[in-house]
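*Asks:* Have a look at this one.
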Amino acid sequence: MKKIAIVPGSFDPLTAGHADVIRTASSLFDEVKIVVLANSGKTGMFTPEERLRIARAAVEKMKEDDGIGNVSAHVFPGLTADAAKELGASFVVKGLRSAADFDYEFGMAEITRRFDGGLTTVFLPSKPEFIHVSSTYVREIIKYGKGDDRAFAPGTKDVILSIAHGNAKG
Ligand code: PNS
């Protein structure tokens with residue numbers, strides 16, 4: 001049986017840290033599906049469709065640069081557990097940058113398991129160079145035009161800036 005994992009998140013936008021976790025997951029699972037979901041505790045800069053476009057740009061770049069062909073990106077309107085079922089996944093992958101991430105994600109993993117007992121959450125530690133990278137940080141770089149470009153996931157900077165500037169004009 002194929003080992004399929006989803007990597008759920010709000011991805012507003014997907015960052016270099018997310019891309020690194022996804023790359024690692026692609027070496028552990030037969031298929032990895034990035035899923036853009038709503039986090040009810042957060043309001044966003046990008047629409048779900050824009051986040052999907054950004055995630056797909058990252059997927060394309062992984063394919064071009066590293067020959068990674070088992071990653072795809074999706075958007076889903078409901079629960080992580082329902083997205084996993086819809087996409088045929090038995091695993092949920094989350095990256096951890098800190099003990100605070102662990103506290104939050106440990107609770108989310110248990111909620112997800114209660115929704116669907118067949119789902120196992122797998123935590124992957126962030127590499128030191130990505131510990132301070134977050135979607136919030138990338139949004140600040142976009143807003144103020146300052147900061148470290150290495151926070152952008154490879155292949156996403158141009159699409160992110162073109163969407164952000166288009167939104168600012170409109
Ligand atoms: O990138 P984030 O914001 O940490 O991702 C959190 C996300 C979107 C994965 C989480 O909020 C989520 O699973 N949302 C979908 C709804 C759901 O399944 N909630 C869990 C139980 S309340």
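Ordered as shown in the structure tokens, chains take letters A, B, and onward, while each chain numbers its residues from 1 and ligands are numbered from 1 in the order shown.
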Go through stretch 18-156 of chain A and collect every residue that DSSP, computed from the backbone, puts in strand (DSSP E); the answer should be as a PyMOL selection string.
*Replies:* chain A and resi 31-36+71-75+91-96+120-125
*Asks:* May I have the residues from that selection written out with N, CA and C atoms, as a short mmCIF file (atom, residue, chain, number, x, y, z; two decimals), in the first residue's frame?
*Replies:*
```cif
data_model
loop_
_atom_site.label_atom_id
_atom_site.label_comp_id
_atom_site.auth_asym_id
_atom_site.auth_seq_id
_atom_site.Cartn_x
_atom_site.Cartn_y
_atom_site.Cartn_z
N GLU A 31 3.86 9.53 -1.63
CA GLU A 31 3.26 10.76 -2.16
C GLU A 31 3.07 11.76 -1.03
N VAL A 32 3.30 13.03 -1.34
CA VAL A 32 3.13 14.10 -0.36
C VAL A 32 2.20 15.15 -0.96
N LYS A 33 1.12 15.47 -0.22
CA LYS A 33 0.14 16.42 -0.73
C LYS A 33 0.06 17.61 0.22
N ILE A 34 0.50 18.74 -0.26
CA ILE A 34 0.38 19.98 0.51
C ILE A 34 -1.09 20.37 0.47
N VAL A 35 -1.67 20.70 1.64
CA VAL A 35 -3.09 21.09 1.64
C VAL A 35 -3.25 22.45 2.31
N VAL A 36 -3.74 23.40 1.53
CA VAL A 36 -4.03 24.74 2.05
C VAL A 36 -5.40 24.69 2.72
N VAL A 71 5.31 15.32 -5.09
CA VAL A 71 4.65 16.35 -4.27
C VAL A 71 3.62 17.10 -5.12
N SER A 72 2.45 17.32 -4.55
CA SER A 72 1.41 18.10 -5.24
C SER A 72 0.78 19.05 -4.23
N ALA A 73 0.03 20.02 -4.72
CA ALA A 73 -0.60 21.00 -3.82
C ALA A 73 -2.09 21.08 -4.08
N HIS A 74 -2.85 21.26 -3.00
CA HIS A 74 -4.33 21.24 -3.05
C HIS A 74 -4.87 22.29 -2.09
N VAL A 75 -6.15 22.62 -2.30
CA VAL A 75 -6.82 23.49 -1.33
C VAL A 75 -8.04 22.73 -0.86
N PHE A 91 -1.17 9.67 6.76
CA PHE A 91 -0.21 10.41 7.58
C PHE A 91 -0.40 11.92 7.41
N VAL A 92 -0.16 12.62 8.52
CA VAL A 92 -0.20 14.08 8.53
C VAL A 92 1.19 14.53 8.97
N VAL A 93 1.84 15.34 8.16
CA VAL A 93 3.19 15.81 8.50
C VAL A 93 3.13 17.26 8.95
N LYS A 94 3.78 17.54 10.08
CA LYS A 94 3.90 18.93 10.54
C LYS A 94 5.35 19.19 10.91
N GLY A 95 5.85 20.37 10.56
CA GLY A 95 7.20 20.77 10.95
C GLY A 95 7.15 21.43 12.33
N LEU A 96 8.21 21.25 13.10
CA LEU A 96 8.29 21.87 14.42
C LEU A 96 9.53 22.75 14.51
N THR A 120 -2.11 9.13 11.45
CA THR A 120 -0.95 9.30 12.33
C THR A 120 -0.24 10.60 11.96
N THR A 121 0.01 11.44 12.96
CA THR A 121 0.77 12.67 12.70
C THR A 121 2.26 12.41 12.93
N VAL A 122 3.05 12.87 11.98
CA VAL A 122 4.51 12.71 12.04
C VAL A 122 5.11 14.11 12.14
N PHE A 123 5.93 14.33 13.16
CA PHE A 123 6.57 15.64 13.33
C PHE A 123 7.98 15.62 12.76
N LEU A 124 8.32 16.65 12.01
CA LEU A 124 9.68 16.77 11.48
C LEU A 124 10.31 18.04 12.03
N PRO A 125 11.50 17.92 12.61
CA PRO A 125 12.12 19.12 13.18
C PRO A 125 12.61 20.07 12.10
#
```
*Asks:* As a quick test: using only C-alpha atoms and all ligand atoms, which residues lie no more than 8 Å away from ligand 1? Give them as a ChimeraX atom specification.
*Replies:* /A:8-12,36-42,77-82,105,108,111-112
*Asks:* Those same residues - N, CA and C atoms - I'd like them written as a tab-separated table (two decimals), in the first residue's frame.
*Replies:*
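Contents of result10.tsv, freshly written:
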```tsv
chain	number	residue	atom	x	y	z
A	8	PRO	N	-0.63	19.72	6.00
A	8	PRO	CA	-1.66	20.76	6.07
A	8	PRO	C	-1.09	22.05	6.66
A	9	GLY	N	-1.68	23.17	6.26
A	9	GLY	CA	-1.25	24.43	6.86
A	9	GLY	C	-2.05	25.57	6.28
A	10	SER	N	-1.88	26.76	6.90
A	10	SER	CA	-2.55	27.90	6.29
A	10	SER	C	-1.71	28.47	5.14
A	11	PHE	N	-0.40	28.28	5.19
A	11	PHE	CA	0.50	28.62	4.08
A	11	PHE	C	0.21	30.00	3.49
A	12	ASP	N	0.32	31.00	4.36
A	12	ASP	CA	-0.06	32.38	3.97
A	12	ASP	C	1.15	33.33	4.02
A	36	VAL	N	-3.74	23.40	1.53
A	36	VAL	CA	-4.03	24.74	2.05
A	36	VAL	C	-5.40	24.69	2.72
A	37	LEU	N	-5.41	24.98	4.04
A	37	LEU	CA	-6.64	24.92	4.83
A	37	LEU	C	-6.82	26.25	5.55
A	38	ALA	N	-8.03	26.44	6.10
A	38	ALA	CA	-8.25	27.67	6.88
A	38	ALA	C	-7.90	27.40	8.34
A	39	ASN	N	-7.16	28.34	8.93
A	39	ASN	CA	-6.92	28.33	10.39
A	39	ASN	C	-7.87	29.38	10.96
A	40	SER	N	-8.84	28.95	11.73
A	40	SER	CA	-9.87	29.88	12.19
A	40	SER	C	-9.31	30.96	13.11
A	41	GLY	N	-8.10	30.74	13.63
A	41	GLY	CA	-7.48	31.74	14.51
A	41	GLY	C	-6.69	32.80	13.76
A	42	LYS	N	-6.62	32.72	12.44
A	42	LYS	CA	-5.77	33.65	11.68
A	42	LYS	C	-6.55	34.30	10.54
A	77	PRO	N	-11.65	22.96	1.84
A	77	PRO	CA	-12.44	23.90	2.64
A	77	PRO	C	-12.70	23.49	4.09
A	78	GLY	N	-12.41	22.24	4.48
A	78	GLY	CA	-12.86	21.78	5.80
A	78	GLY	C	-11.75	21.39	6.76
A	79	LEU	N	-11.95	20.25	7.39
A	79	LEU	CA	-11.02	19.76	8.42
A	79	LEU	C	-9.82	19.03	7.81
A	80	THR	N	-8.70	19.09	8.53
A	80	THR	CA	-7.51	18.34	8.13
A	80	THR	C	-7.85	16.86	7.97
A	81	ALA	N	-8.60	16.30	8.93
A	81	ALA	CA	-8.92	14.87	8.89
A	81	ALA	C	-9.73	14.53	7.63
A	82	ASP	N	-10.64	15.42	7.24
A	82	ASP	CA	-11.45	15.17	6.03
A	82	ASP	C	-10.60	15.31	4.76
A	105	GLU	N	0.98	21.72	18.25
A	105	GLU	CA	0.79	20.64	17.27
A	105	GLU	C	0.45	19.31	17.93
A	108	MET	N	-3.19	19.44	18.33
A	108	MET	CA	-3.84	19.30	17.02
A	108	MET	C	-3.78	17.85	16.53
A	111	ILE	N	-6.48	15.92	18.26
A	111	ILE	CA	-7.81	16.25	17.71
A	111	ILE	C	-8.00	15.53	16.37
A	112	THR	N	-6.97	15.60	15.53
A	112	THR	CA	-7.03	14.94	14.22
A	112	THR	C	-7.25	13.44	14.37
```
*Asks:* Record the distance separating atom CA of A:Gly69 and atom CA of A:Ala83, expressed in Å with one decimal.
*Replies:*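 If I compute the distance from atom CA of A:Gly69 to atom CA of A:Ala83, I get 20.9 Å.
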*Asks:* Calculate how many Å separate atom CA of A:Leu87 from atom CA of A:Asp103, rounding to one decimal.
*Replies:* 26.7 Å
*Asks:* In Å, with one decimal, what is the gap from atom CA of A:Pro48 to atom CA of A:Gly17?
*Replies:*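 So the answer is 19.4 Å.
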*Asks:* Based on the backbone DSSP call, show me all residues of stretch 30-170 of chain A assigned alpha helix (DSSP H), as number ranges by chain.
*Replies:* A: 48-66, 80-86, 99-115, 135-144, 157-169
*Asks:* With only C-alpha atoms as the counted atoms, please give the residues lying no more than 12 Å from A:Tyr137, apart from itself and same-chain residues fewer than 2 positions off, as a list of chain:residue names.
*Replies:*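 My list of contacting residues is A:Asp12, A:Pro13, A:Leu14, A:Thr15, A:Ala16, A:Gly17, A:Phe130, A:Ile131, A:His132, A:Val133, A:Ser134, A:Ser135, A:Arg139, A:Glu140, A:Ile141, A:Ile142, A:Lys143, A:Tyr144, A:Gly145, A:Lys146, A:Gly147, A:Asp148, A:Asp149, A:Arg150, A:Ala151, A:Phe152.
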*Asks:* How about saving the chosen residues, C-alpha atoms kept, as a compact mmCIF listing (two decimals), in the first residue's frame?
*Replies:*
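So the final result, stored in part-v8.txt, reads:
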```
# COMPACT_ATOMS: atom_id res chain seq x y z
CA ASP A 12 -0.06 32.38 3.97
CA PRO A 13 2.35 32.09 2.18
CA LEU A 14 4.33 28.84 2.07
CA THR A 15 7.90 29.63 3.27
CA ALA A 16 11.41 28.23 2.86
CA GLY A 17 10.90 26.41 6.18
CA PHE A 130 14.63 27.92 9.30
CA ILE A 131 13.75 28.23 12.99
CA HIS A 132 13.02 31.95 12.69
CA VAL A 133 11.30 31.72 9.31
CA SER A 134 7.52 32.06 9.38
CA SER A 135 4.71 33.18 7.09
CA ARG A 139 4.48 38.95 4.95
CA GLU A 140 6.54 41.63 6.76
CA ILE A 141 9.27 41.37 4.10
CA ILE A 142 6.61 41.91 1.43
CA LYS A 143 5.03 44.83 3.31
CA TYR A 144 8.22 46.71 4.20
CA GLY A 145 10.51 45.56 1.38
CA LYS A 146 13.26 44.65 3.88
CA GLY A 147 14.52 41.37 5.26
CA ASP A 148 16.10 38.13 4.27
CA ASP A 149 15.06 36.77 0.87
CA ARG A 150 16.03 33.27 2.01
CA ALA A 151 12.71 33.19 3.89
CA PHE A 152 10.88 32.79 0.56
```
*Asks:* Between A:Leu119, A:Ala99, A:Ile54, A:Ala89, which residue has the minimum interatomic distance to A:Asp30, considering only C-alpha atoms?
*Replies:*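 Closest to A:Asp30, using only C-alpha atoms: A:Ala89.
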*Asks:* So, with only C-alpha atoms as the atoms that count, which of A:Asp66, A:Asp116, A:Glu49, A:Glu110 lies closest to A:Arg23?
*Replies:* A:Asp66
